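What follows is protein39.cif (mmCIF, C-alpha atoms).
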data_final
#
loop_
_atom_site.label_atom_id
_atom_site.label_comp_id
_atom_site.auth_asym_id
_atom_site.auth_seq_id
_atom_site.Cartn_x
_atom_site.Cartn_y
_atom_site.Cartn_z
CA CYS J 1008 -149.91 77.21 232.28
CA GLY J 1009 -151.86 78.68 235.19
CA PRO J 1010 -150.90 79.15 238.83
CA GLN J 1011 -151.72 75.50 239.48
CA ALA J 1012 -148.79 74.45 237.28
CA LEU J 1013 -146.40 75.83 239.90
CA HIS J 1014 -147.71 73.34 242.45
CA THR J 1015 -147.58 70.27 240.22
CA PRO J 1016 -144.39 68.39 239.32
CA THR J 1017 -145.09 68.30 235.58
CA PHE J 1018 -147.27 69.78 232.87
CA ASN J 1019 -147.52 68.98 229.19
CA PHE J 1020 -148.33 70.67 225.95
CA THR J 1021 -148.56 69.36 222.39
CA ALA J 1022 -146.96 70.98 219.38
CA GLN J 1023 -148.48 71.04 215.91
CA LYS J 1024 -151.05 68.35 215.26
CA ALA J 1025 -149.14 67.09 212.25
CA HIS J 1026 -146.09 66.34 214.41
CA PRO J 1027 -147.23 65.87 218.01
CA ILE J 1028 -144.40 66.29 220.49
CA LEU J 1029 -144.91 65.88 224.22
CA VAL J 1030 -142.79 68.23 226.35
CA THR J 1031 -142.68 67.51 230.08
CA PHE J 1032 -141.30 70.06 232.57
CA HIS J 1033 -139.98 68.52 235.78
CA PRO J 1034 -138.77 70.66 238.70
CA THR J 1035 -135.65 68.54 239.10
CA PHE J 1036 -134.80 67.24 235.61
CA GLY J 1037 -136.02 70.18 233.58
CA ALA J 1038 -137.64 69.83 230.17
CA MET J 1039 -137.97 66.36 228.69
CA VAL J 1040 -139.18 65.80 225.12
CA SER J 1041 -140.99 62.72 223.86
CA VAL J 1042 -142.68 61.99 220.54
CA THR J 1043 -146.29 60.79 220.59
CA SER J 1044 -146.47 59.96 216.88
CA PHE J 1045 -144.75 56.75 215.74
CA PRO J 1046 -144.21 57.96 212.11
CA PHE J 1047 -142.70 61.18 213.40
CA ALA J 1048 -140.44 59.17 215.72
CA VAL J 1049 -139.13 57.29 212.72
CA LEU J 1050 -138.49 60.58 210.91
CA LEU J 1051 -136.57 62.04 213.85
CA LEU J 1052 -134.45 58.93 214.25
CA THR J 1053 -133.68 58.93 210.54
CA LEU J 1054 -132.33 62.47 210.81
CA LEU J 1055 -130.03 61.55 213.68
CA SER J 1056 -126.43 60.60 213.04
CA PRO J 1057 -125.56 56.87 213.10
CA LEU J 1058 -123.85 57.13 216.48
CA ALA J 1059 -126.74 59.09 217.93
CA ARG J 1060 -129.22 56.49 216.67
CA ALA J 1061 -127.20 53.71 218.22
CA GLU J 1062 -127.12 55.58 221.52
CA VAL J 1063 -130.88 56.16 221.47
CA PHE J 1064 -131.72 52.53 220.82
CA SER J 1065 -129.20 51.33 223.36
CA ASP J 1066 -130.87 53.46 226.02
CA LEU J 1067 -134.36 52.42 224.94
CA ALA J 1068 -133.40 48.75 224.98
CA ASP J 1069 -132.08 49.04 228.54
CA ILE J 1070 -135.35 50.65 229.63
CA VAL J 1071 -137.84 48.44 227.81
CA SER J 1072 -136.04 45.09 227.32
CA PRO J 1073 -134.67 42.90 230.09
CA PRO J 1074 -130.88 42.51 230.33
CA PRO J 1075 -129.15 39.82 228.23
CA SER J 1076 -128.66 37.60 231.28
CA VAL J 1077 -132.43 37.44 231.82
CA GLU J 1078 -133.08 36.70 228.15
CA SER J 1079 -130.44 33.97 228.17
CA LYS J 1080 -131.94 32.39 231.30
CA ALA J 1081 -135.40 32.52 229.72
CA LEU J 1082 -134.21 30.79 226.54
CA GLU J 1083 -132.42 28.10 228.55
CA SER J 1084 -135.53 27.63 230.70
CA LYS J 1085 -137.70 27.06 227.62
CA ALA J 1086 -135.26 24.50 226.22
CA ASP J 1087 -134.92 22.68 229.56
CA ALA J 1088 -138.69 22.52 230.06
CA PHE J 1089 -139.19 21.00 226.61
CA TRP J 1090 -136.41 18.39 226.64
CA LYS J 1091 -136.94 17.31 230.25
CA VAL J 1092 -140.49 16.29 229.38
CA VAL J 1093 -139.13 14.14 226.54
CA LEU J 1094 -136.37 12.71 228.74
CA SER J 1095 -138.75 11.86 231.58
CA ALA J 1096 -141.21 10.15 229.24
CA ALA J 1097 -138.39 8.22 227.56
CA ASP J 1098 -136.93 7.04 230.87
CA GLU J 1099 -140.32 5.59 231.81
CA MET J 1100 -140.12 3.30 228.77
CA LYS J 1101 -137.03 1.50 230.06
CA MET J 1102 -138.94 -1.29 231.77
CA SER J 1103 -136.17 -3.26 233.43
CA GLU J 1104 -138.67 -4.76 235.89
CA HIS J 1105 -139.97 -6.98 233.07
CA LEU J 1106 -136.68 -8.90 233.01
CA LYS J 1107 -137.67 -10.73 236.18
CA LEU J 1108 -141.04 -11.59 234.62
CA TYR J 1109 -139.32 -13.05 231.55
CA GLU J 1110 -137.31 -15.35 233.83
CA ASP J 1111 -140.32 -16.39 235.90
CA THR J 1112 -142.37 -17.11 232.78
CA GLU J 1113 -139.64 -19.33 231.34
CA LYS J 1114 -139.48 -21.23 234.63
CA ALA J 1115 -143.26 -21.67 234.68
CA ILE J 1116 -143.24 -22.97 231.10
CA ALA J 1117 -140.45 -25.45 231.90
CA ALA J 1118 -142.35 -26.70 234.97
CA LEU J 1119 -145.59 -27.42 233.10
CA PRO J 1120 -146.63 -31.09 232.84
CA ALA J 1121 -146.41 -32.61 229.37
CA GLU J 1122 -150.21 -32.66 229.00
CA ASN J 1123 -150.51 -28.86 229.33
CA THR J 1124 -149.70 -28.36 225.66
CA TYR J 1125 -152.11 -25.48 225.04
CA VAL J 1126 -150.96 -23.50 228.08
CA ARG J 1127 -147.31 -24.06 227.18
CA GLU J 1128 -147.80 -22.80 223.63
CA ALA J 1129 -149.88 -19.85 224.79
CA LEU J 1130 -147.37 -18.70 227.40
CA THR J 1131 -144.54 -19.12 224.91
CA ASP J 1132 -146.39 -16.91 222.40
CA VAL J 1133 -147.19 -14.31 225.05
CA LEU J 1134 -143.59 -14.13 226.23
CA ALA J 1135 -142.29 -13.73 222.66
CA ARG J 1136 -144.77 -10.94 221.88
CA LEU J 1137 -144.09 -9.12 225.14
CA LYS J 1138 -140.34 -9.28 224.59
CA ARG J 1139 -140.73 -7.93 221.06
CA ALA J 1140 -143.00 -5.09 222.15
CA ASP J 1141 -140.68 -4.22 225.06
CA ALA J 1142 -137.67 -4.26 222.71
CA MET J 1143 -139.33 -1.75 220.36
CA VAL J 1144 -140.37 0.47 223.26
CA LEU J 1145 -136.90 0.24 224.80
CA LYS J 1146 -135.29 1.17 221.48
CA GLN J 1147 -137.57 4.19 221.21
CA GLY J 1148 -136.80 5.19 224.78
CA VAL J 1149 -133.03 4.93 224.30
CA GLN J 1150 -133.12 6.98 221.09
CA SER J 1151 -135.36 9.62 222.67
CA SER J 1152 -133.21 9.81 225.80
CA SER J 1153 -130.12 10.23 223.67
CA VAL J 1154 -131.64 13.13 221.72
CA ALA J 1155 -133.03 14.82 224.84
CA SER J 1156 -129.79 14.41 226.82
CA GLU J 1157 -127.76 15.79 223.94
CA GLN J 1158 -130.01 18.82 223.60
CA LEU J 1159 -130.06 19.46 227.35
CA GLY J 1160 -126.27 19.33 227.45
CA ALA J 1161 -125.74 21.49 224.41
CA ALA J 1162 -124.99 25.14 224.95
CA LEU J 1163 -127.14 27.71 223.24
CA GLN J 1164 -125.81 28.70 219.88
CA GLY J 1165 -123.71 31.84 219.89
CA GLU J 1166 -125.68 35.02 219.50
CA SER J 1167 -124.63 37.42 216.81
CA ILE J 1168 -123.84 40.92 218.03
CA PHE J 1169 -125.97 43.48 216.24
CA SER J 1170 -124.20 46.52 214.93
CA PHE J 1171 -125.60 49.50 213.13
CA PHE J 1172 -122.55 49.60 210.88
CA THR J 1173 -123.27 46.05 209.63
CA GLY J 1174 -127.05 46.12 209.96
CA GLY J 1175 -127.72 47.77 206.63
CA GLN J 1176 -131.04 49.40 205.95
CA ASN J 1177 -132.84 47.07 208.38
CA PHE J 1178 -131.20 48.65 211.43
CA LEU J 1179 -133.96 51.16 212.07
CA THR J 1180 -136.74 48.63 211.51
CA GLN J 1181 -135.21 45.99 213.75
CA ALA J 1182 -134.32 48.40 216.50
CA LEU J 1183 -137.78 49.96 216.54
CA ARG J 1184 -139.38 46.51 216.56
CA ARG J 1185 -137.20 45.52 219.49
CA PHE J 1186 -138.17 48.71 221.31
CA VAL J 1187 -141.88 48.16 220.70
CA ASN J 1188 -142.23 44.42 221.41
CA GLY J 1189 -138.86 42.93 222.28
CA GLY J 1190 -138.50 41.63 218.74
CA GLU J 1191 -134.89 40.43 219.02
CA TYR J 1192 -135.61 38.09 221.93
CA GLN J 1193 -138.88 36.92 220.36
CA ASP J 1194 -137.05 36.14 217.12
CA LYS J 1195 -134.51 34.01 219.01
CA LEU J 1196 -137.21 32.21 220.96
CA SER J 1197 -139.30 31.49 217.86
CA ALA J 1198 -136.25 30.19 216.01
CA GLN J 1199 -135.39 27.86 218.89
CA VAL J 1200 -138.98 26.60 219.12
CA TYR J 1201 -138.95 25.67 215.45
CA GLN J 1202 -135.51 24.09 215.83
CA ARG J 1203 -136.76 21.93 218.71
CA GLN J 1204 -139.63 20.78 216.52
CA ALA J 1205 -137.15 19.80 213.83
CA ASP J 1206 -134.98 17.95 216.38
CA ILE J 1207 -137.87 15.97 217.85
CA LEU J 1208 -139.45 15.11 214.49
CA PRO J 1209 -137.26 12.00 213.84
CA VAL J 1210 -138.17 10.73 217.31
CA LEU J 1211 -141.88 11.04 216.60
CA ARG J 1212 -141.45 9.41 213.20
CA GLY J 1213 -139.75 6.47 214.86
CA ALA J 1214 -142.57 6.23 217.38
CA ALA J 1215 -145.15 6.35 214.59
CA ASP J 1216 -143.41 3.53 212.75
CA SER J 1217 -143.44 1.38 215.90
CA THR J 1218 -146.96 2.18 217.08
CA SER J 1219 -148.88 -0.46 215.13
CA ASN J 1220 -146.41 -3.22 216.04
CA VAL J 1221 -146.30 -2.34 219.73
CA LEU J 1222 -150.07 -2.12 220.02
CA ALA J 1223 -150.67 -5.31 218.01
CA ASP J 1224 -148.17 -7.33 220.06
CA SER J 1225 -149.57 -5.93 223.32
CA ARG J 1226 -153.15 -6.79 222.39
CA PHE J 1227 -152.17 -10.30 221.27
CA ALA J 1228 -150.15 -10.96 224.43
CA SER J 1229 -152.95 -9.70 226.65
CA LYS J 1230 -155.58 -11.82 224.86
CA ARG J 1231 -153.48 -15.00 225.00
CA SER J 1232 -152.76 -14.43 228.70
CA PHE J 1233 -156.50 -14.30 229.41
CA ASP J 1234 -156.89 -17.47 227.32
CA VAL J 1235 -154.49 -19.22 229.70
CA LEU J 1236 -156.46 -18.02 232.74
CA LYS J 1237 -159.82 -19.30 231.49
CA TYR J 1238 -158.71 -22.34 229.47
CA ASP J 1239 -159.49 -25.03 232.05
CA ILE J 1240 -162.63 -23.19 233.15
CA TYR J 1241 -164.44 -22.99 229.81
CA ASN J 1242 -163.13 -26.21 228.27
CA LYS J 1243 -164.24 -29.60 229.65
CA GLY J 1244 -161.92 -32.56 229.80
CA VAL J 1245 -158.69 -30.56 229.50
CA PRO J 1246 -155.77 -30.78 231.97
CA LYS J 1247 -156.01 -28.37 234.87
CA THR J 1248 -153.72 -25.38 234.52
CA PRO J 1249 -151.16 -25.19 237.39
CA GLN J 1250 -151.56 -22.17 239.67
CA ALA J 1251 -147.97 -21.09 238.96
CA ALA J 1252 -148.84 -20.76 235.27
CA LYS J 1253 -151.96 -18.73 236.10
CA ASP J 1254 -149.98 -16.45 238.39
CA VAL J 1255 -147.50 -15.76 235.59
CA ALA J 1256 -150.38 -15.18 233.15
CA ASN J 1257 -151.85 -12.53 235.47
CA ARG J 1258 -148.50 -10.78 235.64
CA LEU J 1259 -148.19 -10.94 231.85
CA VAL J 1260 -151.57 -9.21 231.50
CA ASP J 1261 -150.33 -6.39 233.73
CA ALA J 1262 -146.99 -6.21 231.90
CA THR J 1263 -148.54 -5.89 228.44
CA GLY J 1264 -150.78 -3.13 229.77
CA GLU J 1265 -147.75 -1.31 231.17
CA THR J 1266 -145.89 -1.59 227.87
CA ARG J 1267 -148.83 -0.21 225.92
CA HIS J 1268 -149.51 2.56 228.46
CA ARG J 1269 -145.93 3.78 228.70
CA PHE J 1270 -145.48 3.82 224.96
CA MET J 1271 -148.65 5.83 224.37
CA SER J 1272 -147.85 8.06 227.34
CA PHE J 1273 -144.49 8.91 225.76
CA ILE J 1274 -146.19 9.98 222.53
CA THR J 1275 -148.85 11.98 224.38
CA GLN J 1276 -146.37 13.77 226.65
CA THR J 1277 -144.06 14.58 223.75
CA VAL J 1278 -146.87 15.99 221.60
CA ASN J 1279 -148.20 18.00 224.55
CA GLY J 1280 -144.69 19.33 225.13
CA ILE J 1281 -144.44 20.44 221.51
CA SER J 1282 -147.81 22.18 221.76
CA LYS J 1283 -146.93 23.93 225.02
CA ASP J 1284 -143.55 24.99 223.63
CA PHE J 1285 -145.17 26.45 220.52
CA LEU J 1286 -147.88 28.30 222.47
CA GLY J 1287 -145.18 29.84 224.68
CA LYS J 1288 -143.13 31.27 221.82
CA ASN J 1289 -144.53 34.75 222.53
CA ASP J 1290 -143.83 34.66 226.28
CA GLY J 1291 -141.72 37.52 227.58
CA ALA J 1292 -138.19 36.92 228.82
CA ALA J 1293 -138.73 38.50 232.23
CA ALA J 1294 -141.87 36.47 232.95
CA THR J 1295 -140.25 33.23 231.82
CA SER J 1296 -137.11 33.88 233.86
CA ALA J 1297 -139.13 34.75 236.96
CA GLN J 1298 -141.28 31.64 236.57
CA SER J 1299 -138.17 29.49 236.19
CA SER J 1300 -136.61 30.99 239.33
CA LEU J 1301 -139.83 30.31 241.24
CA HIS J 1302 -139.90 26.68 240.12
CA GLU J 1303 -136.24 26.26 241.12
CA ALA J 1304 -136.94 27.76 244.54
CA LEU J 1305 -139.93 25.47 245.06
CA ALA J 1306 -137.87 22.44 243.98
CA ARG J 1307 -135.12 23.33 246.47
CA ALA J 1308 -137.71 23.81 249.23
CA GLU J 1309 -139.30 20.42 248.47
CA ALA J 1310 -135.89 18.74 248.44
CA ALA J 1311 -134.99 20.32 251.77
CA ASP J 1312 -138.34 19.24 253.22
CA ARG J 1313 -137.83 15.64 252.06
CA SER J 1314 -134.32 15.64 253.50
CA HIS J 1315 -135.65 16.93 256.82
CA LYS J 1316 -138.34 14.24 256.92
CA THR J 1317 -135.75 11.55 256.16
CA ILE J 1318 -133.55 12.74 259.03
CA VAL J 1319 -136.54 12.81 261.38
CA ASP J 1320 -137.54 9.27 260.34
CA ILE J 1321 -134.03 8.02 260.94
#
What do you get writing this file as structure tokens?
Amino acid sequence: CGPQALHTPTFNFTAQKAHPILVTFHPTFGAMVSVTSFPFAVLLLTLLSPLARAEVFSDLADIVSPPPSVESKALESKADAFWKVVLSAADEMKMSEHLKLYEDTEKAIAALPAENTYVREALTDVLARLKRADAMVLKQGVQSSSVASEQLGAALQGESIFSFFTGGQNFLTQALRRFVNGGEYQDKLSAQVYQRQADILPVLRGAADSTSNVLADSRFASKRSFDVLKYDIYNKGVPKTPQAAKDVANRLVDATGETRHRFMSFITQTVNGISKDFLGKNDGAAATSAQSSLHEALARAEAADRSHKTIVDI
């Protein structure tokens, strides 16, 4: 300690090399001791009384780990982000706009002249396949929406309160791990990620079982719709196809494409959501909570901006 130490707020020295201890002298708070060797820290904590150990880790947790409210918000944010992706994708599969097309197709079939046998049979086949594909997609969407809505509405499972007196010999290990890397929160997050994978697995299995049927029916319906459009063009001596039937055929082509696209989009979005959820299982609580708050603020700002534009338009 030279004369310069009097003009600086702190100075340090290290004890024996075998057990390095950092002692900091502060003009206001006095001497503060910290341990620079992790094994020696474990030894010191082992020698402390149970109540002293609990006090140490409580203080360390407050310093290093975010408060429980932040951790809870982060866990809820992760769950919401995952299930809202599933819910949004499932809602897109409820294609109520096809009901009008079903009605128009039936009217077009009924209005066909008796000689348009081929077109009548083709449109009837297309309508049956589209209805079947839409029914399978709708069923998948309803089931997925039900699971996602249930999970979004469910409260987080109750958290067990850790106590040194019931923690057994793992108390020191768990507390140190929490101090070093926020292990308690990470354990909860990892467990919930794996639980979400287990919850969504039946949904993906159902989608996998329906995939071949949906795609086969969509391809067949699309092909037969094109057959209707070109039938009187590439075949000589056949009755001319009424324009109303061709208009319906064009709409059926678009509808089968929508059915196929929305079904595959649901699978893609769900799988991407699972991947993103898994990759984020090591995200910190504070960062996740802050990101969630930012997204909420942006959403409120966008909603307010849309409301303002609506008022101005009116």
Residue members of the PyMOL selection byres ((chain J and resi 1289) around 8) in the file shown, as an MDAnalysis selection string: chainID J and resid 1193 1196:1197 1286:1288 1290:1291
Residue nearest Ala1086 in chain J among J:Ser1152, J:Thr1295, J:Thr1218, J:Ser1300 (counting all atoms listed in the file):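 Distance minimum relative to Ala1086 in chain J lands on J:Thr1295.
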Minimum-distance residue to Ser1296 in chain J, chosen among J:Ala1081, J:Ser1153, J:Pro1074, J:Asn1257 (using only C-alpha atoms):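 The answer is J:Ala1081, which sits nearest to Ser1296 in chain J.
For the choices J:Ser1299, J:Asp1111, J:Met1102, J:Ile1281, the atom-to-atom distance to Val1200 in chain J is smallest for J:Ile1281 when using all atoms listed in the file.
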Expected selection from the PyMOL selection byres ((chain J and resi 1270-1272) around 10), given as a ChimeraX atom specification: /J:1096-1097,1099-1100,1140-1141,1143-1145,1147-1148,1214,1217-1218,1221-1222,1264-1269,1273-1278
Nearest to Gln1250 in chain J by atom-to-atom distance, counting all atoms listed in the file, from J:Ala1223, J:Ala1308, J:Leu1119, J:Val1093: J:Leu1119
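Restricting the calculation to all atoms listed in the file, the smallest distance between Ser1151 in chain J and any of J:Val1133, J:Ala1256, J:Leu1094, J:Ala1121 is found for J:Leu1094.
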Atom-to-atom span, CA of Ala1115 in chain J and CA of Ala1135 in chain J, Å: 14.4 Å
Residues matched by the PyMOL selection byres ((chain J and resi 1229) around 10) as an MDAnalysis selection string: chainID J and resid 1133 1136:1137 1223:1228 1230:1234 1256:1257 1259:1264
Coordinates-based distance that separates CA of Asp1098 in chain J from CA of Tyr1201 in chain J (Å, one decimal): 24.3 Å
Atom pair CA of Leu1134 in chain J / CA of Glu1104 in chain J: separation (Å): 14.3 Å
Ala1251 in chain J environment, 12 Å, only C-alpha atoms, sequence neighbours closer than 2 positions dropped, as a PyMOL selection string: chain J and resi 1111-1120+1126+1130+1235-1236+1247-1249+1253-1258
Output C-alpha atoms for every residue in that selection, as a PDB file, in the coordinates of the input.
ATOM      1  CA  ASP J1111    -140.320 -16.390 235.900  1.00  0.00           C
ATOM      2  CA  THR J1112    -142.370 -17.110 232.780  1.00  0.00           C
ATOM      3  CA  GLU J1113    -139.640 -19.330 231.340  1.00  0.00           C
ATOM      4  CA  LYS J1114    -139.480 -21.230 234.630  1.00  0.00           C
ATOM      5  CA  ALA J1115    -143.260 -21.670 234.680  1.00  0.00           C
ATOM      6  CA  ILE J1116    -143.240 -22.970 231.100  1.00  0.00           C
ATOM      7  CA  ALA J1117    -140.450 -25.450 231.900  1.00  0.00           C
ATOM      8  CA  ALA J1118    -142.350 -26.700 234.970  1.00  0.00           C
ATOM      9  CA  LEU J1119    -145.590 -27.420 233.100  1.00  0.00           C
ATOM     10  CA  PRO J1120    -146.630 -31.090 232.840  1.00  0.00           C
ATOM     11  CA  VAL J1126    -150.960 -23.500 228.080  1.00  0.00           C
ATOM     12  CA  LEU J1130    -147.370 -18.700 227.400  1.00  0.00           C
ATOM     13  CA  VAL J1235    -154.490 -19.220 229.700  1.00  0.00           C
ATOM     14  CA  LEU J1236    -156.460 -18.020 232.740  1.00  0.00           C
ATOM     15  CA  LYS J1247    -156.010 -28.370 234.870  1.00  0.00           C
ATOM     16  CA  THR J1248    -153.720 -25.380 234.520  1.00  0.00           C
ATOM     17  CA  PRO J1249    -151.160 -25.190 237.390  1.00  0.00           C
ATOM     18  CA  LYS J1253    -151.960 -18.730 236.100  1.00  0.00           C
ATOM     19  CA  ASP J1254    -149.980 -16.450 238.390  1.00  0.00           C
ATOM     20  CA  VAL J1255    -147.500 -15.760 235.590  1.00  0.00           C
ATOM     21  CA  ALA J1256    -150.380 -15.180 233.150  1.00  0.00           C
ATOM     22  CA  ASN J1257    -151.850 -12.530 235.470  1.00  0.00           C
ATOM     23  CA  ARG J1258    -148.500 -10.780 235.640  1.00  0.00           C
TER      24      ARG J1258
END
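In this comparison, which uses all atoms listed in the file, the residue of J:Glu1078, J:Asp1087, J:Asp1284, J:Glu1128 approaching Ala1252 in chain J most closely is J:Glu1128.
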